[in-house]
Amino acid sequence: MLKPWLRERTITVSGASKSYAMTGWRMGWAIAPAAAVKAMDTVQSQETSCPSSVSQAALVAALDGPQECVAEMRKEFAARRELTLSLLRGIPGLKIPHPEGAFYAFFDVSSYLGKSFGDKRVNDSMSFCTALLEQAHVNLVPGSAFGTEGFARMSFATNRETIEAGLAKLKAWLGTGQ
C-alpha cells in the first residue's frame, strides 16, 4: 500500500516506445505532484513542441486497448536480443555486454580500429560505421554519438531475418579488414 506521504515525493515517468513498440512517436507521460507537473510543463513548453494529434490518439488507443500485446512483444524482443547476442558473440574481436532494458546491443568494436576495409581506414566509431554502411550496407550508430568512443549500437527492433542478414554481412565485412 502506498504511504500517503510518499505520494507527494514520487514522480513516475514512462513512455510508449518500448511497451507499445511506438519508437519514433515520442509519446510519454509523467505522474507527479501538481507542483512538479507545473514545473515540468514550464520547462517542456520551452524545449519541445506538442506531439501530433495522431500520436496522441495512438497512445490513448495503446493504453486503453488490450494489454496482451505488451507481454507478447516483451517475449519477442527477448528472443531477438538473445539471437542478436548469440550472433554478435560469434564474431571475433567484439565485446558485447548483456542489454537488460533496451532493444539495442551496444558493443565494443575497438579491436577493429586502426584497420583498413577496402580503401577506408577505420580510426574511430564514426569511420567504422560509415565504412560498414558504404561497403556492406549495414547501418550501426557510432558509440561517439553517446559519448562512448570505440563502440557501436545496433537495434534489434526488427524481424529476425533482418537481424540475421545484417549480422552475417557485418561478420563477412569484418573478415576483410587488414
# chains A, B, ... in the order shown; residues from 1 in each chain; ligands from 1
$ residues_around --residues "Lys115 of chain A" --least-positions-apart "4" --cutoff "7 Å" --atoms "only C-alpha atoms" --output "number ranges by chain"
A: 121-122, 177-178
$ residues_around --residues "Val141 of chain A" --least-positions-apart "2" --cutoff "7 Å" --atoms "only C-alpha atoms" --output "PyMOL selection string"
chain A and resi 129+139+143+152-154
$ residues_around --residues "Gly90 of chain A" --least-positions-apart "4" --cutoff "10 Å" --atoms "only C-alpha atoms" --output "PDB file with all heavy atoms, in the first residue's frame"
ATOM      1  N   THR A  84      20.466 -11.776 -31.364  1.00  0.00           N
ATOM      2  CA  THR A  84      21.473 -10.760 -31.658  1.00  0.00           C
ATOM      3  C   THR A  84      22.755 -11.023 -30.880  1.00  0.00           C
ATOM      4  O   THR A  84      23.857 -11.012 -31.447  1.00  0.00           O
ATOM      5  CB  THR A  84      20.928  -9.356 -31.340  1.00  0.00           C
ATOM      6  OG1 THR A  84      19.764  -9.116 -32.149  1.00  0.00           O
ATOM      7  CG2 THR A  84      21.963  -8.268 -31.582  1.00  0.00           C
ATOM      8  N   LEU A  85      22.628 -11.268 -29.581  1.00  0.00           N
ATOM      9  CA  LEU A  85      23.811 -11.516 -28.757  1.00  0.00           C
ATOM     10  C   LEU A  85      24.547 -12.770 -29.202  1.00  0.00           C
ATOM     11  O   LEU A  85      25.776 -12.783 -29.276  1.00  0.00           O
ATOM     12  CB  LEU A  85      23.418 -11.623 -27.283  1.00  0.00           C
ATOM     13  CG  LEU A  85      22.877 -10.340 -26.646  1.00  0.00           C
ATOM     14  CD1 LEU A  85      22.458 -10.605 -25.212  1.00  0.00           C
ATOM     15  CD2 LEU A  85      23.901  -9.227 -26.715  1.00  0.00           C
ATOM     16  N   SER A  86      23.808 -13.804 -29.510  1.00  0.00           N
ATOM     17  CA  SER A  86      24.426 -15.050 -29.964  1.00  0.00           C
ATOM     18  C   SER A  86      25.229 -14.825 -31.241  1.00  0.00           C
ATOM     19  O   SER A  86      26.377 -15.285 -31.362  1.00  0.00           O
ATOM     20  CB  SER A  86      23.348 -16.107 -30.185  1.00  0.00           C
ATOM     21  OG  SER A  86      23.886 -17.246 -30.790  1.00  0.00           O
ATOM     22  N   LEU A  94      34.745  -8.727 -31.031  1.00  0.00           N
ATOM     23  CA  LEU A  94      33.702  -7.874 -30.468  1.00  0.00           C
ATOM     24  C   LEU A  94      33.496  -8.238 -28.996  1.00  0.00           C
ATOM     25  O   LEU A  94      33.559  -9.399 -28.628  1.00  0.00           O
ATOM     26  CB  LEU A  94      32.377  -8.049 -31.211  1.00  0.00           C
ATOM     27  CG  LEU A  94      32.345  -7.676 -32.691  1.00  0.00           C
ATOM     28  CD1 LEU A  94      30.941  -7.872 -33.256  1.00  0.00           C
ATOM     29  CD2 LEU A  94      32.811  -6.245 -32.907  1.00  0.00           C
ATOM     30  N   LEU A 167      23.763  -9.148 -39.503  1.00  0.00           N
ATOM     31  CA  LEU A 167      24.925  -9.613 -38.759  1.00  0.00           C
ATOM     32  C   LEU A 167      25.807 -10.542 -39.588  1.00  0.00           C
ATOM     33  O   LEU A 167      27.027 -10.581 -39.396  1.00  0.00           O
ATOM     34  CB  LEU A 167      24.499 -10.242 -37.440  1.00  0.00           C
ATOM     35  CG  LEU A 167      23.969  -9.208 -36.431  1.00  0.00           C
ATOM     36  CD1 LEU A 167      23.471  -9.876 -35.165  1.00  0.00           C
ATOM     37  CD2 LEU A 167      25.018  -8.155 -36.116  1.00  0.00           C
ATOM     38  N   LYS A 171      29.717  -9.670 -40.096  1.00  0.00           N
ATOM     39  CA  LYS A 171      30.780 -10.668 -39.877  1.00  0.00           C
ATOM     40  C   LYS A 171      31.650 -10.810 -41.122  1.00  0.00           C
ATOM     41  O   LYS A 171      32.890 -10.826 -41.026  1.00  0.00           O
ATOM     42  CB  LYS A 171      30.169 -12.002 -39.489  1.00  0.00           C
ATOM     43  CG  LYS A 171      31.193 -13.055 -39.138  1.00  0.00           C
ATOM     44  CD  LYS A 171      30.536 -14.336 -38.643  1.00  0.00           C
ATOM     45  CE  LYS A 171      31.572 -15.334 -38.188  1.00  0.00           C
ATOM     46  NZ  LYS A 171      30.955 -16.555 -37.619  1.00  0.00           N
TER      47      LYS A 171
END
$ select_by_dssp --residues "chain A" --states "alpha helix (DSSP H)" --output "ChimeraX atom specification"
/A:4-7,34-47,53-64,68-89,125-136,160-174
$ atom_distance --atom1 "atom CA of His137 of chain A" --atom2 "atom CA of Ser155 of chain A"
14.9 Å
$ atom_distance --atom1 "atom CA of Ala30 of chain A" --atom2 "atom CA of Pro99 of chain A"
24.9 Å
$ closest_residue --among "A:Gln135, A:Gln46, A:Asn123, A:Ser19" --to "Leu174 of chain A" --atoms "only C-alpha atoms"
A:Gln135
$ atom_distance --atom1 "atom CA of Val109 of chain A" --atom2 "atom CA of Arg81 of chain A"
18.4 Å
$ residues_around --residues "Ile11 of chain A" --least-positions-apart "6" --cutoff "12 Å" --atoms "only C-alpha atoms" --output "compact mmCIF listing (two decimals) with all heavy atoms, in the first residue's frame"
# COMPACT_ATOMS: atom_id res chain seq x y z
N TRP A 29 4.53 10.05 -20.61
CA TRP A 29 3.72 10.71 -19.62
C TRP A 29 4.47 10.73 -18.29
O TRP A 29 5.43 10.01 -18.10
CB TRP A 29 2.37 10.03 -19.45
CG TRP A 29 2.47 8.59 -19.04
CD1 TRP A 29 2.51 8.08 -17.77
CD2 TRP A 29 2.58 7.46 -19.91
NE1 TRP A 29 2.64 6.71 -17.80
CE2 TRP A 29 2.68 6.30 -19.11
CE3 TRP A 29 2.60 7.31 -21.29
CZ2 TRP A 29 2.79 5.03 -19.64
CZ3 TRP A 29 2.72 6.03 -21.82
CH2 TRP A 29 2.81 4.91 -20.99
N ALA A 30 3.98 11.58 -17.41
CA ALA A 30 4.51 11.65 -16.05
C ALA A 30 3.34 11.74 -15.09
O ALA A 30 2.31 12.35 -15.39
CB ALA A 30 5.42 12.86 -15.89
N ILE A 31 3.52 11.11 -13.95
CA ILE A 31 2.55 11.20 -12.86
C ILE A 31 3.34 11.76 -11.67
O ILE A 31 4.35 11.17 -11.26
CB ILE A 31 1.95 9.82 -12.52
CG1 ILE A 31 1.28 9.23 -13.75
CG2 ILE A 31 0.98 9.94 -11.34
CD1 ILE A 31 0.89 7.78 -13.60
N ALA A 32 2.89 12.89 -11.17
CA ALA A 32 3.66 13.57 -10.13
C ALA A 32 2.76 14.53 -9.35
O ALA A 32 1.63 14.82 -9.79
CB ALA A 32 4.81 14.34 -10.77
N PRO A 33 3.25 15.02 -8.24
CA PRO A 33 2.51 16.06 -7.52
C PRO A 33 2.30 17.28 -8.43
O PRO A 33 3.11 17.56 -9.32
CB PRO A 33 3.42 16.41 -6.34
CG PRO A 33 4.29 15.21 -6.16
CD PRO A 33 4.47 14.63 -7.54
N ALA A 34 1.22 18.01 -8.20
CA ALA A 34 0.84 19.12 -9.06
C ALA A 34 1.97 20.13 -9.25
O ALA A 34 2.20 20.62 -10.36
CB ALA A 34 -0.41 19.81 -8.51
N ALA A 35 2.71 20.46 -8.20
CA ALA A 35 3.79 21.45 -8.32
C ALA A 35 4.89 20.94 -9.26
O ALA A 35 5.43 21.72 -10.05
CB ALA A 35 4.36 21.77 -6.94
N ALA A 36 5.19 19.66 -9.19
CA ALA A 36 6.22 19.09 -10.07
C ALA A 36 5.73 19.09 -11.52
O ALA A 36 6.49 19.40 -12.44
CB ALA A 36 6.60 17.69 -9.62
N VAL A 37 4.46 18.74 -11.74
CA VAL A 37 3.90 18.74 -13.09
C VAL A 37 3.93 20.15 -13.67
O VAL A 37 4.29 20.35 -14.84
CB VAL A 37 2.47 18.16 -13.10
CG1 VAL A 37 1.80 18.39 -14.44
CG2 VAL A 37 2.49 16.68 -12.75
N MET A 40 7.47 20.87 -14.71
CA MET A 40 7.80 20.12 -15.92
C MET A 40 7.15 20.76 -17.14
O MET A 40 7.76 20.85 -18.20
CB MET A 40 7.36 18.65 -15.80
CG MET A 40 8.21 17.84 -14.86
SD MET A 40 7.79 16.08 -14.90
CE MET A 40 6.50 16.01 -13.67
